[in-house]
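Structure file target_39.csv (CSV, C-alpha atoms and all ligand atoms) is printed below.
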chain,number,residue,atom,x,y,z
X,1344,MET,CA,119.1,128.2,1.1
X,1345,GLN,CA,116.1,129.0,3.3
X,1346,VAL,CA,112.7,127.5,4.0
X,1347,VAL,CA,110.5,130.5,3.4
X,1348,GLU,CA,107.1,128.9,3.5
X,1349,GLU,CA,105.7,125.4,4.5
X,1350,SER,CA,104.3,124.5,1.1
X,1351,GLY,CA,106.4,121.4,0.2
X,1352,PRO,CA,109.7,120.9,-1.6
X,1353,GLU,CA,108.6,122.4,-4.9
X,1354,SER,CA,108.0,125.9,-3.6
X,1355,ALA,CA,109.2,126.1,0.0
X,1356,LEU,CA,112.8,127.0,-0.6
X,1357,ALA,CA,114.5,130.3,-1.7
X,1358,LEU,CA,118.2,131.4,-2.0
X,1359,ALA,CA,119.2,134.2,0.3
X,1360,GLU,CA,122.4,136.2,1.0
X,1361,LEU,CA,123.0,136.0,4.8
X,1362,PRO,CA,125.8,137.2,7.1
X,1363,GLU,CA,128.5,134.7,8.3
X,1364,PRO,CA,127.2,132.7,11.3
X,1365,GLU,CA,128.6,133.5,14.8
X,1366,PRO,CA,130.5,130.7,16.5
X,1367,SER,CA,127.5,129.7,18.7
X,1368,HIS,CA,125.1,126.8,18.4
X,1369,MET,CA,121.7,126.5,20.0
X,1370,LEU,CA,122.9,123.3,21.9
X,1371,THR,CA,126.1,125.0,23.1
X,1372,PRO,CA,125.2,128.7,23.4
X,1373,GLY,CA,128.2,131.0,23.0
X,1374,GLU,CA,130.3,128.1,21.6
X,1375,GLY,CA,130.4,126.2,18.3
X,1376,VAL,CA,132.6,124.9,15.5
X,1377,VAL,CA,132.3,127.1,12.3
X,1378,VAL,CA,132.6,124.9,9.3
X,1379,GLU,CA,133.2,125.9,5.7
X,1380,VAL,CA,130.7,123.7,4.0
X,1381,HIS,CA,131.8,121.6,1.0
X,1382,CYS,CA,128.8,119.1,1.0
X,1383,ALA,CA,125.5,119.1,2.8
X,1384,GLY,CA,123.6,115.9,3.5
X,1385,VAL,CA,119.9,115.8,2.5
X,1386,SER,CA,117.5,113.7,4.7
X,1387,PHE,CA,113.9,113.2,5.7
X,1388,PRO,CA,113.8,115.9,8.4
X,1389,GLU,CA,114.5,118.6,5.7
X,1390,LEU,CA,111.7,117.2,3.5
X,1391,LEU,CA,109.3,117.2,6.4
X,1392,GLN,CA,110.4,120.7,7.4
X,1393,THR,CA,109.3,122.1,3.9
X,1394,ARG,CA,105.8,121.0,4.9
X,1395,GLY,CA,105.9,122.0,8.5
X,1396,GLN,CA,105.6,118.4,9.5
X,1397,TYR,CA,108.8,117.8,11.5
X,1398,GLN,CA,108.8,117.9,15.3
X,1399,MET,CA,111.4,120.7,15.3
X,1400,LYS,CA,109.6,123.8,14.0
X,1401,PRO,CA,111.9,126.8,13.7
X,1402,GLU,CA,110.5,130.2,13.0
X,1403,LEU,CA,110.3,131.1,9.2
X,1404,PRO,CA,112.5,131.8,7.4
X,1405,PHE,CA,115.3,129.4,8.4
X,1406,VAL,CA,118.2,127.6,6.8
X,1407,PRO,CA,117.6,123.8,6.9
X,1408,GLY,CA,120.3,121.1,6.7
X,1409,SER,CA,121.1,118.8,9.6
X,1410,GLU,CA,124.6,117.7,8.6
X,1411,VAL,CA,127.6,118.7,6.5
X,1412,ALA,CA,131.2,117.9,5.6
X,1413,GLY,CA,133.8,120.6,5.2
X,1414,VAL,CA,136.8,122.3,6.7
X,1415,VAL,CA,137.0,123.9,10.2
X,1416,ARG,CA,137.2,127.7,10.1
X,1417,SER,CA,137.3,128.1,13.9
X,1418,ALA,CA,136.8,125.8,16.9
X,1419,PRO,CA,136.4,126.3,20.6
X,1420,ASN,CA,139.6,125.9,22.8
X,1421,GLY,CA,139.8,122.4,24.2
X,1422,SER,CA,137.6,120.8,21.4
X,1423,GLY,CA,140.6,119.0,19.9
X,1424,LEU,CA,139.7,120.6,16.5
X,1425,ALA,CA,141.6,123.2,14.7
X,1426,GLU,CA,141.3,125.5,11.7
X,1427,GLY,CA,141.8,123.5,8.5
X,1428,ASP,CA,140.7,120.1,9.8
X,1429,ARG,CA,138.4,118.1,7.5
X,1430,VAL,CA,135.3,117.2,9.4
X,1431,ALA,CA,131.8,115.7,9.4
X,1432,ALA,CA,129.5,117.8,11.5
X,1433,PHE,CA,125.9,117.5,12.7
X,1434,CYS,CA,124.5,121.0,12.9
X,1435,ALA,CA,120.7,120.1,13.2
X,1436,LEU,CA,119.9,123.2,11.2
X,1437,GLY,CA,121.8,125.6,8.9
X,1438,GLY,CA,123.6,123.0,6.8
X,1439,PHE,CA,122.3,124.2,3.4
X,1440,ALA,CA,124.7,127.1,3.3
X,1441,GLU,CA,128.3,128.0,2.6
X,1442,SER,CA,129.1,128.1,6.4
X,1443,ALA,CA,127.5,126.3,9.2
X,1444,VAL,CA,127.9,125.9,13.0
X,1445,ALA,CA,127.9,122.6,14.9
X,1446,PRO,CA,128.5,121.8,18.6
X,1447,ALA,CA,132.1,120.4,19.2
X,1448,PHE,CA,130.6,117.1,20.5
X,1449,PHE,CA,128.8,116.6,17.1
X,1450,THR,CA,131.9,117.4,15.0
X,1451,PHE,CA,134.2,114.5,14.0
X,1452,PRO,CA,137.5,114.4,12.0
X,1453,LEU,CA,136.8,113.0,8.5
X,1454,SER,CA,139.0,110.1,7.5
X,1455,PRO,CA,141.2,110.7,4.4
X,1456,GLU,CA,139.6,107.6,3.0
X,1457,LEU,CA,136.3,109.4,2.6
X,1458,GLU,CA,135.5,112.3,0.2
X,1459,MET,CA,133.3,115.2,1.3
X,1460,GLY,CA,130.1,113.8,-0.2
X,1461,GLN,CA,130.6,110.6,1.9
X,1462,GLY,CA,131.3,112.8,4.9
X,1463,ALA,CA,128.0,114.5,4.5
X,1464,GLY,CA,126.3,111.0,4.9
X,1465,LEU,CA,128.2,109.8,7.9
X,1466,ILE,CA,126.6,111.1,11.1
X,1467,LEU,CA,122.8,110.9,10.8
X,1468,ASN,CA,122.8,107.5,9.1
X,1469,TYR,CA,125.8,105.7,10.6
X,1470,HIS,CA,125.3,107.0,14.2
X,1471,THR,CA,121.7,106.0,13.9
X,1472,ALA,CA,122.7,102.6,12.6
X,1473,TYR,CA,125.1,102.0,15.4
X,1474,PHE,CA,122.7,103.3,18.0
X,1475,ALA,CA,119.7,101.3,16.7
X,1476,LEU,CA,121.5,98.0,15.9
X,1477,VAL,CA,124.1,97.7,18.6
X,1478,LEU,CA,122.9,99.9,21.6
X,1479,ARG,CA,119.1,99.4,21.3
X,1480,GLY,CA,118.9,96.2,19.3
X,1481,ARG,CA,121.8,94.4,21.0
X,1482,LEU,CA,123.0,92.9,17.7
X,1483,LYS,CA,125.9,90.6,18.2
X,1484,GLU,CA,128.5,88.8,16.2
X,1485,GLY,CA,127.1,85.7,14.5
X,1486,GLU,CA,123.5,87.0,14.5
X,1487,THR,CA,121.3,87.8,11.5
X,1488,GLU,CA,119.7,91.2,10.7
X,1489,LEU,CA,116.8,91.9,8.4
X,1490,MET,CA,117.0,95.5,6.9
X,1491,HIS,CA,113.9,97.2,5.5
X,1492,GLY,CA,114.4,100.0,3.0
X,1493,ALA,CA,117.9,98.6,2.6
X,1494,ALA,CA,119.0,100.7,-0.3
X,1495,GLY,CA,118.2,104.0,1.4
X,1496,GLY,CA,120.4,106.1,3.6
X,1497,VAL,CA,119.7,104.4,7.0
X,1498,GLY,CA,119.5,101.1,5.1
X,1499,THR,CA,122.9,101.1,3.4
X,1500,ALA,CA,124.5,102.4,6.6
X,1501,SER,CA,123.0,99.7,8.7
X,1502,LEU,CA,124.1,97.0,6.4
X,1503,GLN,CA,127.7,98.1,6.7
X,1504,VAL,CA,127.5,98.6,10.5
X,1505,ALA,CA,125.9,95.1,10.9
X,1506,ARG,CA,128.8,93.6,8.9
X,1507,ALA,CA,131.3,95.4,11.0
X,1508,THR,CA,129.6,93.9,14.1
X,1509,GLY,CA,130.1,90.4,12.6
X,1510,ALA,CA,126.4,89.9,11.8
X,1511,ARG,CA,124.9,88.5,8.7
X,1512,THR,CA,122.5,90.7,6.8
X,1513,ILE,CA,119.4,90.2,4.7
X,1514,ALA,CA,118.3,93.3,2.7
X,1515,LEU,CA,114.7,93.9,1.7
X,1516,VAL,CA,114.2,96.3,-1.3
X,1517,SER,CA,111.5,97.2,-3.8
X,1518,SER,CA,113.3,97.3,-7.2
X,1519,GLU,CA,116.1,95.9,-9.3
X,1520,GLU,CA,118.2,99.1,-9.0
X,1521,LYS,CA,117.8,99.0,-5.2
X,1522,HIS,CA,118.8,95.3,-5.2
X,1523,ASP,CA,122.1,96.3,-6.8
X,1524,VAL,CA,122.6,99.2,-4.3
X,1525,ALA,CA,122.0,96.8,-1.3
X,1526,GLU,CA,124.6,94.4,-2.7
X,1527,GLN,CA,127.0,97.2,-3.2
X,1528,ALA,CA,126.5,98.1,0.5
X,1529,GLY,CA,127.5,94.6,1.4
X,1530,ALA,CA,124.2,92.7,2.0
X,1531,ASP,CA,124.7,89.0,2.3
X,1532,ALA,CA,121.3,88.3,0.7
X,1533,VAL,CA,118.7,90.5,-1.0
X,1534,VAL,CA,115.0,89.9,-1.0
X,1535,ARG,CA,112.4,91.8,-3.1
X,1536,VAL,CA,109.3,93.1,-1.3
X,1537,GLY,CA,106.3,91.1,-2.5
X,1538,GLU,CA,103.8,88.5,-1.4
X,1539,ASN,CA,106.3,86.1,0.0
X,1540,TRP,CA,109.1,88.1,1.4
X,1541,LYS,CA,108.6,86.8,5.0
X,1542,ASP,CA,108.9,83.1,3.8
X,1543,GLU,CA,112.1,83.9,1.9
X,1544,VAL,CA,113.6,85.6,4.9
X,1545,LYS,CA,112.7,82.7,7.1
X,1546,GLU,CA,114.3,80.3,4.7
X,1547,LEU,CA,117.4,82.4,4.3
X,1548,SER,CA,117.9,82.8,8.0
X,1549,GLY,CA,117.2,79.2,8.9
X,1550,GLY,CA,113.9,79.9,10.8
X,1551,GLY,CA,114.0,83.6,11.7
X,1552,VAL,CA,116.3,86.6,12.1
X,1553,ASP,CA,117.6,88.0,15.4
X,1554,VAL,CA,117.1,91.7,14.7
X,1555,VAL,CA,114.8,93.5,12.2
X,1556,LEU,CA,115.7,97.2,11.6
X,1557,ASP,CA,112.6,99.0,10.4
X,1558,PRO,CA,112.6,102.6,9.0
X,1559,VAL,CA,109.5,101.9,6.9
X,1560,GLY,CA,106.7,100.8,9.2
X,1561,GLY,CA,103.2,100.5,7.6
X,1562,ASP,CA,101.8,97.1,6.7
X,1563,ARG,CA,105.0,95.2,6.9
X,1564,PHE,CA,105.1,95.2,10.6
X,1565,THR,CA,103.2,92.1,11.4
X,1566,ASP,CA,105.3,90.1,9.0
X,1567,SER,CA,108.4,91.6,10.5
X,1568,LEU,CA,107.4,90.2,13.9
X,1569,ARG,CA,106.7,86.8,12.3
X,1570,SER,CA,110.2,86.9,10.8
X,1571,LEU,CA,111.9,87.0,14.2
X,1572,ARG,CA,113.3,83.9,15.9
X,1573,GLU,CA,112.9,83.4,19.7
X,1574,ASP,CA,114.6,86.3,21.6
X,1575,GLY,CA,114.4,88.4,18.4
X,1576,ARG,CA,114.2,92.2,18.5
X,1577,LEU,CA,112.3,94.5,16.1
X,1578,VAL,CA,113.9,97.9,16.2
X,1579,VAL,CA,111.5,100.8,15.1
X,1580,VAL,CA,113.5,103.6,13.4
X,1581,GLY,CA,111.0,105.4,11.1
X,1582,PHE,CA,107.8,105.4,9.0
X,1583,THR,CA,108.7,106.2,5.4
X,1584,GLY,CA,105.8,103.9,4.4
X,1585,GLY,CA,103.4,106.5,5.9
X,1586,ALA,CA,101.4,104.5,8.4
X,1587,ILE,CA,102.4,104.0,12.0
X,1588,PRO,CA,101.8,100.3,12.8
X,1589,GLU,CA,100.1,99.0,15.9
X,1590,VAL,CA,101.2,95.8,17.6
X,1591,ARG,CA,99.0,93.1,19.2
X,1592,VAL,CA,101.2,92.3,22.1
X,1593,ASN,CA,100.0,88.7,22.3
X,1594,ARG,CA,102.4,88.2,19.3
X,1595,LEU,CA,105.3,89.2,21.5
X,1596,LEU,CA,104.3,86.7,24.2
X,1597,LEU,CA,103.8,83.9,21.8
X,1598,GLY,CA,107.1,84.5,20.0
X,1599,ASN,CA,109.2,85.6,23.0
X,1600,THR,CA,110.2,88.6,21.0
X,1601,GLU,CA,110.6,92.4,21.6
X,1602,VAL,CA,109.7,95.6,19.9
X,1603,VAL,CA,112.3,98.3,20.7
X,1604,GLY,CA,112.2,102.1,19.8
X,1605,ALA,CA,115.3,103.8,18.6
X,1606,GLY,CA,115.2,107.6,18.3
X,1607,TRP,CA,118.9,108.6,17.9
X,1608,GLY,CA,118.6,112.4,17.9
X,1609,ALA,CA,116.6,112.9,21.1
X,1610,TYR,CA,118.6,110.3,23.0
X,1611,VAL,CA,122.1,111.5,22.2
X,1612,MET,CA,121.5,115.3,22.0
X,1613,GLY,CA,122.3,116.0,25.7
X,1614,LYS,CA,124.9,113.2,26.0
X,1615,PRO,CA,128.3,114.5,24.7
X,1616,ASP,CA,130.2,111.4,26.0
X,1617,LEU,CA,127.9,109.0,24.3
X,1618,ASN,CA,128.3,111.0,21.0
X,1619,ARG,CA,132.1,110.7,21.3
X,1620,GLU,CA,131.8,107.0,22.0
X,1621,ILE,CA,129.5,106.4,19.0
X,1622,GLY,CA,131.9,108.6,16.9
X,1623,ALA,CA,134.9,106.5,17.9
X,1624,GLU,CA,133.1,103.2,17.0
X,1625,VAL,CA,132.1,104.6,13.6
X,1626,SER,CA,135.7,105.8,13.0
X,1627,ARG,CA,137.0,102.4,13.9
X,1628,MET,CA,134.6,100.9,11.4
X,1629,VAL,CA,135.7,103.4,8.7
X,1630,ASP,CA,139.4,102.6,9.4
X,1631,ALA,CA,138.7,98.8,9.2
X,1632,GLY,CA,137.1,99.4,5.8
X,1633,PHE,CA,133.6,98.4,6.7
X,1634,ILE,CA,132.0,101.9,6.4
X,1635,ARG,CA,132.1,103.5,3.0
X,1636,PRO,CA,128.9,105.7,2.6
X,1637,ILE,CA,127.2,105.3,-0.7
X,1638,VAL,CA,126.3,108.6,-2.3
X,1639,GLY,CA,123.4,108.4,-4.7
X,1640,ALA,CA,122.0,111.6,-6.3
X,1641,ARG,CA,124.1,114.8,-6.1
X,1642,PHE,CA,122.9,118.3,-6.8
X,1643,PRO,CA,124.3,121.8,-6.5
X,1644,LEU,CA,123.0,123.8,-3.5
X,1645,GLU,CA,120.7,125.8,-5.8
X,1646,GLN,CA,118.8,122.6,-6.7
X,1647,ALA,CA,118.0,121.6,-3.2
X,1648,ALA,CA,114.3,121.3,-4.1
X,1649,GLU,CA,115.2,118.6,-6.7
X,1650,ALA,CA,117.2,116.7,-4.0
X,1651,LEU,CA,114.3,116.7,-1.6
X,1652,LYS,CA,111.9,115.5,-4.4
X,1653,VAL,CA,114.2,112.4,-4.9
X,1654,LEU,CA,113.5,111.5,-1.2
X,1655,ASP,CA,109.8,112.4,-1.5
X,1656,GLU,CA,109.3,110.2,-4.6
X,1657,ARG,CA,111.0,107.1,-3.1
X,1658,ARG,CA,113.8,107.4,-5.7
X,1659,ALA,CA,116.7,107.9,-3.3
X,1660,THR,CA,119.5,105.3,-3.0
X,1661,GLY,CA,122.3,105.7,-0.5
X,1662,LYS,CA,122.7,109.3,0.7
X,1663,VAL,CA,121.4,112.3,-1.3
X,1664,VAL,CA,124.0,115.1,-1.2
X,1665,LEU,CA,124.3,118.8,-2.1
X,1666,ASP,CA,127.6,120.0,-3.5
X,1667,VAL,CA,128.0,123.5,-1.9
X,1668,ARG,CA,131.5,124.3,-3.3
X,1669,PRO,CA,133.9,122.3,-5.5
X,1670,THR,CA,136.3,120.1,-3.4
C,1701,LIG,N1,115.0,107.0,14.5
C,1701,LIG,C1,116.0,107.7,14.2
C,1701,LIG,O1,116.9,108.0,15.0
C,1701,LIG,C2,116.2,108.1,12.8
C,1701,LIG,C3,117.4,108.6,12.3
C,1701,LIG,C4,117.6,108.8,10.9
C,1701,LIG,C5,116.5,108.6,10.1
C,1701,LIG,N2,115.3,108.2,10.6
C,1701,LIG,C6,114.2,107.9,9.7
C,1701,LIG,O2,114.4,106.7,9.0
C,1701,LIG,C7,113.6,106.8,7.8
C,1701,LIG,C8,114.5,106.4,6.6
C,1701,LIG,O3,115.4,107.5,6.3
C,1701,LIG,P1,116.4,107.3,5.1
C,1701,LIG,O4,117.3,108.5,5.1
C,1701,LIG,O5,117.0,106.0,5.1
C,1701,LIG,O6,115.4,107.4,3.8
C,1701,LIG,P2,115.6,106.9,2.4
C,1701,LIG,O7,117.0,106.9,2.0
C,1701,LIG,O8,114.6,107.6,1.5
C,1701,LIG,O9,115.2,105.3,2.5
C,1701,LIG,C9,113.9,105.0,2.9
C,1701,LIG,C10,113.4,103.7,2.3
C,1701,LIG,O10,112.1,103.5,2.7
C,1701,LIG,C11,111.4,102.7,1.8
C,1701,LIG,N3,110.0,103.2,1.5
C,1701,LIG,C12,108.9,102.4,1.6
C,1701,LIG,N4,107.9,103.1,1.4
C,1701,LIG,C13,108.3,104.4,1.1
C,1701,LIG,C14,107.6,105.6,0.7
C,1701,LIG,N5,106.3,105.6,0.6
C,1701,LIG,N6,108.3,106.7,0.4
C,1701,LIG,C15,109.7,106.7,0.6
C,1701,LIG,N7,110.4,105.5,0.9
C,1701,LIG,C16,109.7,104.4,1.2
C,1701,LIG,C17,112.2,102.8,0.5
C,1701,LIG,O11,112.8,101.5,0.2
C,1701,LIG,P3,112.0,100.5,-0.8
C,1701,LIG,O12,111.6,101.3,-2.0
C,1701,LIG,O13,113.1,99.5,-1.1
C,1701,LIG,O14,110.9,99.9,0.0
C,1701,LIG,C18,113.4,103.7,0.8
C,1701,LIG,O15,114.6,103.3,0.2
C,1701,LIG,C19,113.0,108.2,7.7
C,1701,LIG,O16,111.7,108.1,8.2
C,1701,LIG,C20,113.9,109.0,8.7
C,1701,LIG,O17,113.2,110.1,9.3
C,1701,LIG,C21,115.2,107.9,11.9

I'd like the structure from this file rewritten - as structure tokens, please.
Amino acid sequence: MQVVEESGPESALALAELPEPEPSHMLTPGEGVVVEVHCAGVSFPELLQTRGQYQMKPELPFVPGSEVAGVVRSAPNGSGLAEGDRVAAFCALGGFAESAVAPAFFTFPLSPELEMGQGAGLILNYHTAYFALVLRGRLKEGETELMHGAAGGVGTASLQVARATGARTIALVSSEEKHDVAEQAGADAVVRVGENWKDEVKELSGGGVDVVLDPVGGDRFTDSLRSLREDGRLVVVGFTGGAIPEVRVNRLLLGNTEVVGAGWGAYVMGKPDLNREIGAEVSRMVDAGFIRPIVGARFPLEQAAEALKVLDERRATGKVVLDVRPT
């Protein structure tokens, strides 16, 4: 499935017959793991790419798709991977296809506990959640996290990673259906976005939370800062709400709080050892039963446009997935 024009999810995509990819990835030229794709994860970068609005702008036409789950066809020597292994792989591009190529350091064995659809939702969301909560937000056992957009991909992943860290979680969502999804993801408390969400959060947390994880931005930002307790950290992850908030820094001084940026992709891209370290932590959390990716809408590859519209129209819960071949 290729992006052939930058006209939005309705019309930007077209199916094409392409040759098998070479075992080479742009991040590891001349080397790469070739994966027979079973499921492809669908996320905001793909949606933005159909409009030419993502920071990475490949030449048209190109195959989008940043992550997949499947079976290894070939792997570089010394990668620890072999033909036939079930894996989750972050390919950055090229995932909406029957075969994709990923760097070895971005390819991880997939636990038998997880089906391929869950594997396609493992890297972007869970690695981001670990990076944002633990490495950037310094979330610790016994602390409380407030999660915006809690029923979404990053949201459900972060609720599970926070629990695995021993933290308590408060989920903020916009609908009854999303309330149920946040509970399913393991939220300790769920609050509906509305006039008084900040007061509810303050009450539930006994005066304020330690970490706010915010993939939404927009007009919630000031109330997020007000929801922090002393020493609290607000971690900025994205702007699904549209507007990029501005902060009056006197609030940070008055509250003794911090605003922290967390851009997973750019940070980890050139750091293979850090990727392996995060992968090992995520695996440990899968094995301990804390991580079970929640798959929401599923579509066949041919209906990739429909999948992108689910994200665009704020209807997504958990991870949106394309089934590329029957598993
Ligand atoms: N910084 C990083 O490293 C990193 C990594 C991965 C993803 N991201 C970013 O994180 C954001 C969330 O990704 P995701 O995969 O979790 O998306 P998602 O599954 O669609 O969830 C996003 C949530 O944002 C909320 N939202 C509020 N206003 C919205 C609007 N106008 N349109 C759509 N959603 C809206 C929705 O929750 P309610 O309806 O409950 O409010 C929704 O559930 C994206 O911007 C993505 O690019 C950043």

7 Å from ligand LIG 1701 (chain C) is the threshold here; counting all atoms listed in the file, which polymer residues fall inside it? Answer as a VMD selection string. chain X and resid 1386 to 1388 1467 to 1468 1471 1491 to 1498 1515 to 1518 1521 1558 to 1559 1580 to 1585 1605 to 1608 1654 to 1657 1659 to 1662

Can you tell me, as JSON, numbers by chain, what residues are no more than 10 Å from Val1667 in chain X when counting all atoms listed in the file, ignoring any on the same chain fewer than 3 positions away? {"X": [1379, 1380, 1381, 1382, 1383, 1411, 1412, 1413, 1438, 1439, 1440, 1441, 1442, 1642, 1643, 1644, 1645, 1664, 1670]}

In terms of the shortest atom-to-atom distance over all atoms listed in the file, which of X:Pro1364, X:Gly1351, X:Pro1404, X:Gly1462 is closest to Lys1652 in chain X?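 Distance minimum relative to Lys1652 in chain X lands on X:Gly1351.
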
Calculated over all atoms listed in the file, which of the candidates X:Ala1357, X:Asp1566, X:Gly1437, X:Asp1557 has the smallest distance to Asp1542 in chain X?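 Selected residue with least distance to Asp1542 in chain X: X:Asp1566.
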
Near Leu1502 in chain X, within 7 Å and counting all atoms listed in the file, which residues show up once chain neighbours fewer than 6 positions away are dropped, as a list of chain:residue names?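 Here the qualifying residues turn out to be X:Thr1512, X:Ala1528, X:Gly1529, X:Ala1530.
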
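Residue nearest Phe1633 in chain X, chosen from X:Ser1367, X:Thr1499, X:Ser1548, X:Gln1392 and counting all atoms listed in the file: X:Thr1499.
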
Neighbours of Gln1503 in chain X within 6 Å (all atoms listed in the file; same-chain residues fewer than 3 positions away dropped), as a list in words?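 The residues that qualify are Ala1500, Arg1506, Phe1633 and Ile1634 of chain X.
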
Residues from the last selection, C-alpha atoms, saved as a short mmCIF file (atom, residue, chain, number, x, y, z; two decimals), in the coordinates of the input:
data_model
loop_
_atom_site.label_atom_id
_atom_site.label_comp_id
_atom_site.auth_asym_id
_atom_site.auth_seq_id
_atom_site.Cartn_x
_atom_site.Cartn_y
_atom_site.Cartn_z
CA ALA X 1500 124.50 102.40 6.60
CA ARG X 1506 128.80 93.60 8.90
CA PHE X 1633 133.60 98.40 6.70
CA ILE X 1634 132.00 101.90 6.40
#

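Distances from X:Ala1435, X:Ala1445, X:Leu1482, X:Lys1400 to Glu1365 in chain X were compared using only C-alpha atoms, and the smallest one belongs to X:Ala1445.
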
Calculated over all atoms listed in the file, which of the candidates X:Glu1353, X:Thr1393, X:Gln1345, X:Cys1434 has the smallest distance to Gly1375 in chain X?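 Smallest separation from Gly1375 in chain X among the options: X:Cys1434.
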
Determine, counting all atoms listed in the file, which protein, DNA and RNA residues have an atom within 9 Å of an atom of Ser1570 in chain X; residues of the same chain fewer than 5 positions away are not included. Present the result as a list in words.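 Within the cut-off, the hits are Leu1489, Lys1541, Asp1542, Val1544, Lys1545, Gly1550, Gly1551, Val1552, Asp1553, Val1555, Thr1565 and Gly1575 of chain X.
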
Could you save the residues just selected, with C-alpha atoms, as a PDB file, in the frame of the given file?
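Contents of again.pdb, as written:
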ATOM      1  CA  LEU X1489     116.800  91.900   8.400  1.00  0.00           C
ATOM      2  CA  LYS X1541     108.600  86.800   5.000  1.00  0.00           C
ATOM      3  CA  ASP X1542     108.900  83.100   3.800  1.00  0.00           C
ATOM      4  CA  VAL X1544     113.600  85.600   4.900  1.00  0.00           C
ATOM      5  CA  LYS X1545     112.700  82.700   7.100  1.00  0.00           C
ATOM      6  CA  GLY X1550     113.900  79.900  10.800  1.00  0.00           C
ATOM      7  CA  GLY X1551     114.000  83.600  11.700  1.00  0.00           C
ATOM      8  CA  VAL X1552     116.300  86.600  12.100  1.00  0.00           C
ATOM      9  CA  ASP X1553     117.600  88.000  15.400  1.00  0.00           C
ATOM     10  CA  VAL X1555     114.800  93.500  12.200  1.00  0.00           C
ATOM     11  CA  THR X1565     103.200  92.100  11.400  1.00  0.00           C
ATOM     12  CA  GLY X1575     114.400  88.400  18.400  1.00  0.00           C
TER      13      GLY X1575
END

Record the distance separating CA of Val1653 in chain X and CA of His1522 in chain X, expressed in Å with one decimal. 17.7 Å

Between CA of Gly1395 in chain X and CA of Glu1349 in chain X lies a distance of 5.3 Å

Proximity to Trp1540 in chain X - best of X:Val1590, X:Ala1514, X:Ala1432, X:Ile1637, only C-alpha atoms: X:Ala1514

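CA of Ala1472 in chain X is found 8.9 Å from CA of Leu1556 in chain X.
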
Name the residues, using the chain letters and numbers of the file, that sit within 12 Å of (121.8, 98.9, 20.0) when counting all atoms listed in the file, and give them as a PyMOL selection string. chain X and resi 1470-1483+1501+1504-1505+1508+1554-1556+1576-1580+1603-1607+1621
